[in-house]
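File shown: entry22.txt. Contents: compact mmCIF, C-alpha atoms.
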# COMPACT_ATOMS: atom_id res chain seq x y z
CA MET A 1 -10.40 -16.85 -94.83
CA SER A 2 -10.31 -15.47 -91.32
CA THR A 3 -8.57 -15.71 -87.95
CA ALA A 4 -9.97 -17.64 -84.98
CA ILE A 5 -9.41 -16.86 -81.33
CA LEU A 6 -9.96 -19.76 -78.96
CA THR A 7 -10.42 -19.25 -75.23
CA HIS A 8 -12.69 -20.28 -72.37
CA PRO A 9 -13.88 -18.79 -69.04
CA ASP A 10 -12.33 -21.81 -67.27
CA CYS A 11 -8.94 -20.25 -67.94
CA LEU A 12 -9.89 -17.41 -65.59
CA GLY A 13 -10.56 -19.99 -62.87
CA HIS A 14 -6.88 -20.89 -62.53
CA VAL A 15 -5.89 -18.69 -59.59
CA THR A 16 -2.34 -18.13 -58.37
CA PRO A 17 -1.21 -16.55 -55.07
CA VAL A 18 -1.36 -12.77 -54.66
CA GLY A 19 1.61 -11.16 -56.36
CA HIS A 20 2.28 -14.10 -58.68
CA PRO A 21 3.15 -12.87 -62.20
CA GLU A 22 1.06 -15.52 -63.98
CA GLN A 23 -2.24 -14.06 -62.81
CA VAL A 24 -5.85 -14.01 -63.97
CA ALA A 25 -5.46 -10.36 -65.00
CA ARG A 26 -3.13 -11.40 -67.83
CA LEU A 27 -5.91 -13.09 -69.76
CA GLU A 28 -8.54 -10.59 -68.68
CA GLY A 29 -6.46 -7.78 -70.16
CA ILE A 30 -5.89 -9.62 -73.41
CA LEU A 31 -9.56 -10.44 -73.88
CA GLU A 32 -10.60 -6.88 -73.07
CA ARG A 33 -8.14 -5.49 -75.62
CA LEU A 34 -9.41 -7.91 -78.27
CA LYS A 35 -12.95 -6.55 -77.82
CA ALA A 36 -11.94 -3.40 -79.72
CA PRO A 37 -13.78 -2.75 -83.02
CA GLU A 38 -10.76 -3.67 -85.13
CA PHE A 39 -10.99 -7.22 -83.78
CA HIS A 40 -14.70 -7.78 -84.36
CA ALA A 41 -13.99 -9.98 -87.38
CA LEU A 42 -12.25 -12.61 -85.24
CA ILE A 43 -13.97 -16.00 -85.23
CA ARG A 44 -14.52 -16.46 -81.49
CA THR A 45 -14.53 -20.11 -80.50
CA GLU A 46 -14.67 -21.84 -77.11
CA ALA A 47 -11.64 -23.95 -76.36
CA PRO A 48 -12.87 -27.48 -75.64
CA LEU A 49 -11.50 -29.67 -72.87
CA GLY A 50 -8.45 -31.58 -73.98
CA ARG A 51 -8.75 -35.35 -74.04
CA GLU A 52 -6.49 -37.63 -72.04
CA ALA A 53 -5.76 -39.54 -75.24
CA ASP A 54 -4.18 -36.43 -76.68
CA ILE A 55 -2.24 -35.51 -73.54
CA LEU A 56 -0.84 -39.05 -73.58
CA ARG A 57 0.95 -38.15 -76.81
CA CYS A 58 3.45 -36.31 -74.60
CA HIS A 59 2.79 -37.11 -70.92
CA PRO A 60 2.32 -40.50 -69.20
CA GLN A 61 -0.94 -41.45 -67.47
CA ALA A 62 0.70 -41.32 -64.04
CA TYR A 63 1.61 -37.68 -64.63
CA ILE A 64 -1.92 -36.76 -65.75
CA ASP A 65 -3.26 -38.41 -62.60
CA GLN A 66 -0.67 -36.59 -60.49
CA ILE A 67 -1.77 -33.19 -61.80
CA ARG A 68 -5.47 -34.00 -61.44
CA ASP A 69 -4.98 -35.23 -57.88
CA ALA A 70 -2.88 -32.20 -56.91
CA GLU A 71 -5.75 -29.77 -57.44
CA PRO A 72 -6.88 -28.45 -54.03
CA ALA A 73 -10.47 -28.17 -52.88
CA GLN A 74 -9.82 -24.59 -51.82
CA GLY A 75 -7.01 -22.07 -51.79
CA THR A 76 -3.83 -22.74 -53.72
CA VAL A 77 -1.17 -25.43 -53.60
CA ALA A 78 2.45 -25.10 -54.76
CA LEU A 79 3.75 -27.85 -57.05
CA ASP A 80 7.15 -26.15 -56.95
CA ALA A 81 8.41 -22.68 -56.09
CA ASP A 82 6.79 -21.15 -59.19
CA THR A 83 3.93 -23.42 -60.22
CA HIS A 84 0.60 -23.40 -58.39
CA MET A 85 -2.86 -24.90 -58.67
CA SER A 86 -6.25 -23.82 -57.36
CA PRO A 87 -9.74 -25.27 -57.71
CA GLY A 88 -10.31 -25.05 -61.46
CA SER A 89 -6.67 -25.26 -62.52
CA PHE A 90 -6.99 -28.75 -64.01
CA ALA A 91 -9.93 -27.69 -66.18
CA ALA A 92 -8.03 -24.58 -67.26
CA ALA A 93 -5.03 -26.70 -68.26
CA LEU A 94 -7.30 -29.02 -70.24
CA ARG A 95 -8.70 -26.00 -72.10
CA GLY A 96 -5.15 -25.09 -73.15
CA VAL A 97 -4.64 -28.55 -74.61
CA GLY A 98 -8.09 -28.68 -76.18
CA GLY A 99 -7.87 -25.15 -77.55
CA SER A 100 -4.57 -25.81 -79.27
CA ILE A 101 -5.87 -29.04 -80.81
CA ARG A 102 -9.15 -27.47 -81.92
CA ALA A 103 -7.18 -24.65 -83.52
CA VAL A 104 -5.11 -27.19 -85.45
CA ASP A 105 -8.32 -28.86 -86.65
CA MET A 106 -9.82 -25.52 -87.72
CA VAL A 107 -6.73 -24.43 -89.62
CA LEU A 108 -5.96 -27.77 -91.28
CA GLY A 109 -9.64 -28.27 -92.05
CA GLY A 110 -9.83 -24.94 -93.87
CA GLU A 111 -12.36 -23.35 -91.48
CA VAL A 112 -9.98 -20.43 -90.84
CA GLY A 113 -6.65 -19.29 -92.19
CA ASN A 114 -4.88 -19.12 -88.84
CA ALA A 115 -5.68 -19.05 -85.13
CA PHE A 116 -4.63 -17.63 -81.76
CA VAL A 117 -5.22 -19.69 -78.62
CA ALA A 118 -5.71 -17.36 -75.63
CA THR A 119 -5.57 -19.75 -72.69
CA ARG A 120 -3.69 -20.10 -69.42
CA PRO A 121 -1.80 -21.63 -67.67
CA PRO A 122 0.96 -21.62 -70.30
CA GLY A 123 2.62 -24.85 -71.37
CA HIS A 124 6.13 -24.63 -72.81
CA HIS A 125 8.02 -25.44 -69.58
CA ALA A 126 6.06 -28.62 -68.69
CA GLU A 127 8.24 -31.69 -69.19
CA GLN A 128 7.08 -35.30 -69.56
CA LYS A 129 6.71 -35.92 -65.84
CA LYS A 130 7.37 -32.49 -64.33
CA PRO A 131 5.26 -29.34 -64.00
CA MET A 132 7.39 -26.20 -63.85
CA GLY A 133 7.57 -22.55 -64.78
CA PHE A 134 3.81 -21.97 -64.28
CA CYS A 135 3.08 -24.81 -66.77
CA LEU A 136 1.17 -28.08 -66.36
CA PHE A 137 0.82 -29.63 -69.85
CA GLY A 138 2.85 -29.06 -73.02
CA ASN A 139 0.08 -27.52 -75.11
CA VAL A 140 2.04 -26.75 -78.26
CA ALA A 141 4.05 -29.99 -78.25
CA ILE A 142 0.82 -31.95 -77.85
CA ALA A 143 -0.71 -30.02 -80.76
CA ALA A 144 2.32 -30.80 -82.91
CA LYS A 145 2.07 -34.52 -82.17
CA TYR A 146 -1.66 -34.40 -82.87
CA ALA A 147 -1.13 -32.71 -86.23
CA LEU A 148 1.39 -35.36 -87.21
CA ASP A 149 -0.51 -38.41 -86.00
CA HIS A 150 -4.15 -37.43 -86.50
CA HIS A 151 -3.85 -35.32 -89.65
CA GLY A 152 -1.02 -37.31 -91.19
CA LEU A 153 1.42 -34.44 -91.63
CA ASN A 154 5.10 -35.16 -92.15
CA ARG A 155 6.70 -31.83 -91.19
CA VAL A 156 5.65 -29.38 -88.47
CA ALA A 157 7.65 -26.34 -87.35
CA VAL A 158 7.35 -25.05 -83.79
CA VAL A 159 8.75 -21.58 -83.08
CA ASP A 160 8.97 -20.27 -79.50
CA PHE A 161 9.84 -16.58 -79.10
CA ASP A 162 9.09 -16.42 -75.36
CA VAL A 163 11.96 -14.83 -73.43
CA HIS A 164 12.47 -18.06 -71.45
CA HIS A 165 13.75 -21.21 -73.10
CA GLY A 166 10.98 -23.66 -74.05
CA ASN A 167 12.61 -26.50 -72.14
CA GLY A 168 9.41 -28.49 -71.89
CA THR A 169 8.62 -28.33 -75.58
CA GLN A 170 12.23 -29.25 -76.32
CA ALA A 171 12.04 -32.28 -74.03
CA LEU A 172 8.69 -33.42 -75.42
CA LEU A 173 9.88 -33.14 -79.04
CA TRP A 174 13.51 -34.17 -78.57
CA ASP A 175 13.00 -37.55 -80.28
CA GLU A 176 10.51 -36.38 -82.93
CA PRO A 177 12.17 -36.19 -86.38
CA ARG A 178 9.00 -34.81 -88.00
CA VAL A 179 9.25 -31.57 -86.02
CA ARG A 180 11.79 -28.77 -86.12
CA PHE A 181 11.70 -26.76 -82.91
CA VAL A 182 13.21 -23.28 -82.57
CA SER A 183 13.51 -21.38 -79.30
CA SER A 184 14.92 -17.86 -79.07
CA HIS A 185 15.41 -16.78 -75.47
CA GLN A 186 17.47 -14.67 -73.15
CA MET A 187 20.57 -16.35 -71.76
CA PRO A 188 21.53 -16.38 -68.95
CA LEU A 189 18.02 -16.65 -67.53
CA TRP A 190 15.79 -19.26 -65.89
CA PRO A 191 15.47 -22.21 -66.59
CA GLY A 192 19.13 -22.27 -67.62
CA THR A 193 18.67 -24.59 -70.60
CA GLY A 194 18.67 -23.83 -74.31
CA ALA A 195 22.35 -23.81 -75.28
CA PRO A 196 23.16 -24.03 -78.99
CA ASP A 197 24.59 -27.53 -78.61
CA GLU A 198 21.18 -28.90 -77.50
CA ARG A 199 20.21 -30.14 -80.96
CA GLY A 200 17.76 -32.99 -80.41
CA ALA A 201 18.04 -36.66 -81.30
CA HIS A 202 17.62 -35.92 -85.03
CA ASP A 203 19.28 -32.49 -85.28
CA ASN A 204 15.72 -31.19 -85.06
CA ILE A 205 16.19 -28.46 -82.44
CA LEU A 206 17.67 -24.99 -82.87
CA ASN A 207 18.31 -22.88 -79.77
CA VAL A 208 19.03 -19.18 -80.28
CA PRO A 209 20.30 -17.62 -77.04
CA LEU A 210 20.11 -13.82 -76.84
CA ALA A 211 22.18 -11.76 -74.43
CA PRO A 212 20.43 -9.50 -71.90
CA MET A 213 19.46 -6.13 -73.42
CA THR A 214 19.22 -7.57 -76.93
CA GLY A 215 16.81 -5.40 -78.87
CA GLY A 216 14.48 -6.16 -81.70
CA ALA A 217 16.86 -5.14 -84.47
CA GLU A 218 19.55 -7.56 -83.28
CA ALA A 219 17.00 -10.34 -82.82
CA ARG A 220 15.71 -9.81 -86.35
CA GLU A 221 19.21 -10.26 -87.73
CA VAL A 222 19.62 -13.53 -85.85
CA TYR A 223 16.27 -14.84 -87.07
CA GLU A 224 17.08 -13.93 -90.67
CA ARG A 225 20.56 -15.45 -90.48
CA GLU A 226 19.88 -18.64 -88.49
CA VAL A 227 16.21 -19.43 -88.01
CA PHE A 228 14.35 -18.82 -91.24
CA PRO A 229 16.87 -20.50 -93.58
CA TRP A 230 16.79 -23.61 -91.36
CA LEU A 231 12.98 -23.68 -91.37
CA ASP A 232 12.68 -22.89 -95.08
CA ASP A 233 14.90 -25.87 -95.78
CA PHE A 234 12.49 -28.02 -93.77
CA ALA A 235 9.40 -26.75 -95.68
CA PRO A 236 6.87 -27.25 -92.85
CA GLU A 237 3.29 -28.19 -93.63
CA LEU A 238 2.10 -26.36 -90.49
CA VAL A 239 3.64 -23.64 -88.33
CA LEU A 240 2.95 -23.67 -84.59
CA VAL A 241 3.97 -20.72 -82.43
CA SER A 242 4.63 -20.52 -78.70
CA ALA A 243 3.77 -16.85 -78.40
CA GLY A 244 5.35 -15.45 -75.26
CA PHE A 245 5.53 -11.67 -75.02
CA ASP A 246 7.95 -11.36 -72.11
CA ALA A 247 10.83 -10.31 -74.39
CA HIS A 248 9.15 -6.88 -74.22
CA ALA A 249 11.29 -4.15 -72.67
CA ALA A 250 8.66 -3.51 -69.99
CA ASP A 251 8.48 -7.11 -68.77
CA PRO A 252 9.51 -7.52 -65.12
CA LEU A 253 10.97 -11.04 -65.40
CA ALA A 254 13.67 -10.56 -68.05
CA GLN A 255 15.95 -8.06 -69.75
CA LEU A 256 15.38 -8.14 -73.49
CA THR A 257 14.21 -4.89 -75.04
CA TRP A 258 11.71 -5.82 -77.75
CA ARG A 259 8.76 -3.54 -78.52
CA GLU A 260 5.35 -4.13 -80.06
CA GLU A 261 6.76 -3.52 -83.54
CA ASP A 262 9.15 -6.43 -83.04
CA PHE A 263 6.25 -8.79 -82.33
CA THR A 264 4.56 -7.38 -85.43
CA TRP A 265 7.70 -8.17 -87.44
CA ILE A 266 8.22 -11.71 -86.19
CA THR A 267 4.54 -12.54 -86.64
CA GLY A 268 4.72 -11.34 -90.23
CA ARG A 269 7.84 -13.39 -90.93
CA LEU A 270 6.26 -16.50 -89.43
CA CYS A 271 3.26 -15.90 -91.68
CA ASP A 272 5.70 -15.63 -94.62
CA LEU A 273 7.09 -19.05 -93.64
CA ALA A 274 3.59 -20.51 -93.44
CA ASP A 275 2.60 -18.93 -96.76
CA ALA A 276 5.69 -20.28 -98.51
CA HIS A 277 5.29 -23.88 -97.42
CA ALA A 278 1.98 -24.53 -95.63
CA GLY A 279 -0.69 -22.60 -97.45
CA GLY A 280 -0.62 -20.03 -94.64
CA LYS A 281 -1.56 -22.59 -91.99
CA LEU A 282 -0.40 -21.24 -88.60
CA VAL A 283 -1.58 -21.72 -85.00
CA SER A 284 -0.28 -19.49 -82.21
CA THR A 285 -0.72 -20.31 -78.52
CA LEU A 286 -0.18 -17.86 -75.65
CA GLU A 287 2.79 -18.46 -73.37
CA GLY A 288 4.37 -15.73 -71.18
CA GLY A 289 4.22 -11.96 -70.82
CA TYR A 290 3.88 -10.40 -67.39
CA ASP A 291 3.61 -6.63 -67.74
CA LEU A 292 -0.13 -6.34 -68.19
CA GLN A 293 -0.15 -3.29 -70.45
CA ALA A 294 2.74 -4.49 -72.62
CA LEU A 295 1.20 -7.95 -72.86
CA ALA A 296 -2.17 -6.69 -74.10
CA ALA A 297 -0.54 -4.33 -76.59
CA SER A 298 1.83 -7.00 -77.89
CA VAL A 299 -0.94 -9.58 -78.28
CA ALA A 300 -2.99 -6.98 -80.16
CA ALA A 301 -0.06 -6.38 -82.51
CA HIS A 302 0.38 -10.15 -83.01
CA VAL A 303 -3.30 -10.80 -83.69
CA THR A 304 -3.57 -7.80 -86.02
CA VAL A 305 -0.95 -9.36 -88.28
CA LEU A 306 -2.64 -12.76 -88.13
CA MET A 307 -5.90 -11.15 -89.25
CA GLU A 308 -4.19 -9.25 -92.06
CA ARG A 309 -2.47 -12.41 -93.28
CA SER A 310 -5.27 -14.96 -92.84
CA GLY A 311 -6.00 -15.07 -96.56
As C-alpha cells - that is how I would like this structure written.
Amino acid sequence: MSTAILTHPDCLGHVTPVGHPEQVARLEGILERLKAPEFHALIRTEAPLGREADILRCHPQAYIDQIRDAEPAQGTVALDADTHMSPGSFAAALRGVGGSIRAVDMVLGGEVGNAFVATRPPGHHAEQKKPMGFCLFGNVAIAAKYALDHHGLNRVAVVDFDVHHGNGTQALLWDEPRVRFVSSHQMPLWPGTGAPDERGAHDNILNVPLAPMTGGAEAREVYEREVFPWLDDFAPELVLVSAGFDAHAADPLAQLTWREEDFTWITGRLCDLADAHAGGKLVSTLEGGYDLQALAASVAAHVTVLMERSG
C-alpha cells in the first residue's frame, strides 16, 4: 500500500489580508517541502470540489448560500475579526471538503493505506451556521459523516491535536453516537471552549485541555492515560485526524512547546490505533500551524510516519 496526498491549486487562491497568519505561504511551504526525494513515492491526487449534498451532512443550505454569496469580486472581505474571503475562497473551501471525502474513498476502497489532505482554509472551527477561526466548512466532520452514511461504517474516531479546541467539529458531531471525537488543546486559549465536562449528547466527546508551556512528554502521558484507552475501547473502523501543527514551540499564536518529534510520536500512535482496529485506515487533514518553517518541518515528520506505516 501507499500514502496519498490530496491538494489543489485552488487552495492557493484563497487570499487573506497582509499579515494574516492563515496565509497562502503556509500551503506553498508544505508543498515545496513535500517535493523532496524522500516523498516521491506519495500518490499525488487532485482534491475534487466538494458537493453540496455532502456539505449538507453538517451545514444547512442557507449557510452554504451565505458563504458562497459572501465571496467578493475583488479584494478581501471579513466574515468576522479573524475569518476572511477573497475571490477563489469558496472554491478553495470546496476543495477541502472534496479532498477529505476523496481521501476517505481512497482509503476505504483500498487504493492507498492512508492519506494526507493538504488544503486550506482549515475547517475545525466552522460551526453549523457560523464561519470562524479562519474556517468556512467543517471538512473533517463532513468526512466522518460521509464515511458513516455512504460507506456504512458504524464507528469512526476523530482526533484533533491542533493547539486550538476543535469547537466546530465538536458542534457538528455533538449528536453523533457513531463518532468519538477527541480534542487536545491549550487552555486557556481562543476559542475558550473545550472543557472536560463538554462530553457530547452520547458521551462521545473527550476534551483534553493542556496548560500553557505543556511539552511533548507531558502531552504523551495524557494521551496514553486518557485518549488511547478511550479510543481502543471504541474500536474505530476508520481514524480521521485534524492535523494542526500550532502546538509547536515556535508557533506565534499559542504557548505549547511541542517539537517535530512529538508530531512523529502522535502520528505513530494514531497509526497504531488504526492498525489495531481499522486495518490501518487513516485520513489526516491539515488544520493550523502558523510558523512557516515549523509547519513545513512538522508536516514532513507527520507524512514520513504515514508513509512508513501505510502497509
Using all atoms listed in the file, which residues sit within 9 Å of region 20-22 of chain A once same-chain residues fewer than 5 positions away are excluded, as a PyMOL selection string? chain A and resi 15+82+120-122+134+252-253+288-291
Neighbour list for Met187 (chain A) as a JSON list (two decimals) with C-alpha atoms, in the frame of the given file, cut-off 9 Å, all atoms listed in the file, skip fewer than 3 positions in-chain:
[["chain", "number", "residue", "atom", "x", "y", "z"],
["A", 163, "VAL", "CA", 11.96, -14.83, -73.43],
["A", 164, "HIS", "CA", 12.47, -18.06, -71.45],
["A", 165, "HIS", "CA", 13.75, -21.21, -73.10],
["A", 190, "TRP", "CA", 15.79, -19.26, -65.89],
["A", 192, "GLY", "CA", 19.13, -22.27, -67.62],
["A", 193, "THR", "CA", 18.67, -24.59, -70.60],
["A", 194, "GLY", "CA", 18.67, -23.83, -74.31],
["A", 195, "ALA", "CA", 22.35, -23.81, -75.28],
["A", 209, "PRO", "CA", 20.30, -17.62, -77.04],
["A", 210, "LEU", "CA", 20.11, -13.82, -76.84],
["A", 211, "ALA", "CA", 22.18, -11.76, -74.43],
["A", 212, "PRO", "CA", 20.43, -9.50, -71.90]]
Measuring atom to atom with all atoms listed in the file, identify which of A:Gln293, A:His302, A:Leu136, A:Val239 is nearest to Gly268 (chain A).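 Nearest candidate to Gly268 (chain A) out of A:Gln293, A:His302, A:Leu136, A:Val239: A:His302.
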Tell me which protein, DNA and RNA residues are within 10 Å of Trp265 (chain A), counting only C-alpha atoms, leaving out same-chain ones fewer than 3 positions away, and put them as a list in words. Gly216, Arg220, Glu260, Glu261, Asp262, Gly268, Arg269, Leu270, Cys271, Ala301, His302 and Val305 of chain A
Return the single residue from A:Leu256, A:Leu282, A:Asp251, A:Thr83 that is closest to Ala294 (chain A), with distances computed using all atoms listed in the file.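 The closest residue to Ala294 (chain A) is A:Asp251.
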Show me, as a PyMOL selection string, the residues that have an atom within 8 Å of region 8-12 of chain A when counting only C-alpha atoms, minus same-chain residues fewer than 5 positions from it. chain A and resi 24+27-28+46-48+88-89+91-93+95+119-121
Residue subset to file, keeping C-alpha atoms, as a PDB file, keeping the file's coordinate frame:
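Saved result, out.pdb, follows:
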ATOM      1  CA  VAL A  24      -5.850 -14.010 -63.970  1.00  0.00           C
ATOM      2  CA  LEU A  27      -5.910 -13.090 -69.760  1.00  0.00           C
ATOM      3  CA  GLU A  28      -8.540 -10.590 -68.680  1.00  0.00           C
ATOM      4  CA  GLU A  46     -14.670 -21.840 -77.110  1.00  0.00           C
ATOM      5  CA  ALA A  47     -11.640 -23.950 -76.360  1.00  0.00           C
ATOM      6  CA  PRO A  48     -12.870 -27.480 -75.640  1.00  0.00           C
ATOM      7  CA  GLY A  88     -10.310 -25.050 -61.460  1.00  0.00           C
ATOM      8  CA  SER A  89      -6.670 -25.260 -62.520  1.00  0.00           C
ATOM      9  CA  ALA A  91      -9.930 -27.690 -66.180  1.00  0.00           C
ATOM     10  CA  ALA A  92      -8.030 -24.580 -67.260  1.00  0.00           C
ATOM     11  CA  ALA A  93      -5.030 -26.700 -68.260  1.00  0.00           C
ATOM     12  CA  ARG A  95      -8.700 -26.000 -72.100  1.00  0.00           C
ATOM     13  CA  THR A 119      -5.570 -19.750 -72.690  1.00  0.00           C
ATOM     14  CA  ARG A 120      -3.690 -20.100 -69.420  1.00  0.00           C
ATOM     15  CA  PRO A 121      -1.800 -21.630 -67.670  1.00  0.00           C
TER      16      PRO A 121
END
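Taking CA of Ser184 (chain A) as the reference point, CA of Asp162 (chain A) is found at 7.1 Å.
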From the set A:Glu71, A:Asp175, A:Asp149, A:Asp160, which residue has the shortest atom-to-atom contact distance to Leu286 (chain A), counting only C-alpha atoms?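 Ranked by minimum distance to Leu286 (chain A), first place goes to A:Asp160.
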What are the closest atom pairs, with distances in Å to one decimal, for each residue of region 181-241 of chain A lying within 9 Å of region 272-276 of chain A, using only C-alpha atoms, rows by chain and rising residue number, as a Markdown table?
| residue | atom | partner | partner_atom | distance |
| --- | --- | --- | --- | --- |
| A:Phe228 | CA | A:Leu273 | CA | 7.6 |
| A:Leu231 | CA | A:Leu273 | CA | 7.8 |
| A:Asp232 | CA | A:Leu273 | CA | 6.9 |
| A:Ala235 | CA | A:Ala276 | CA | 8.0 |
| A:Pro236 | CA | A:Ala274 | CA | 7.5 |
| A:Glu237 | CA | A:Ala274 | CA | 7.7 |
| A:Leu238 | CA | A:Ala274 | CA | 6.7 |
| A:Val239 | CA | A:Ala274 | CA | 6.0 |
Just the number, please: distance in Å from CA of Gln128 (chain A) to CA of Leu94 (chain A), one decimal.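 Interatomic distance, CA of Gln128 (chain A) to CA of Leu94 (chain A): 15.7 Å.
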Given only C-alpha atoms as the counted atoms, nearest of A:Ala171, A:Ala62, A:Leu108, A:Val241 to Leu148 (chain A): A:Leu108
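In this structure, CA of Met1 (chain A) sits 5.2 Å away from CA of Gly113 (chain A).
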Would you pick out the contacts of region 34-44 of chain A at 6 Å or less, using only C-alpha atoms, so that residues sharing its chain but fewer than 6 positions from it are not included, and give the list as a list in words? Thr3, Ala4 and Ile5 of chain A
Which centre and which edge lengths, in Å to one decimal, describe the axis-aligned box that holds all listed atoms of region 259-278 of chain A after 3 Å is added on each side, as AutoDock Vina command-line options?
--center_x 5.6 --center_y -14.0 --center_z -88.5 --size_x 13.2 --size_y 27.0 --size_z 26.0
Residues within 7 Å of (8.4, -5.8, -72.3), file coords, only C-alpha atoms, listed as a list in words: Asp246, Ala247, His248, Ala249, Ala250, Asp251, Thr257, Trp258, Arg259, Asp291 and Ala294 of chain A
Pick from A:Pro196, A:Ile205, A:Asp65, A:Val159: nearest to Arg178 (chain A), with all atoms listed in the file counted?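 Nearest candidate to Arg178 (chain A) out of A:Pro196, A:Ile205, A:Asp65, A:Val159: A:Ile205.
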Minimum-distance residue to Ala103 (chain A), chosen among A:Gln61, A:Asn167, A:Ser310, A:Thr285 (using all atoms listed in the file):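 Nearest to Ala103 (chain A): A:Thr285.
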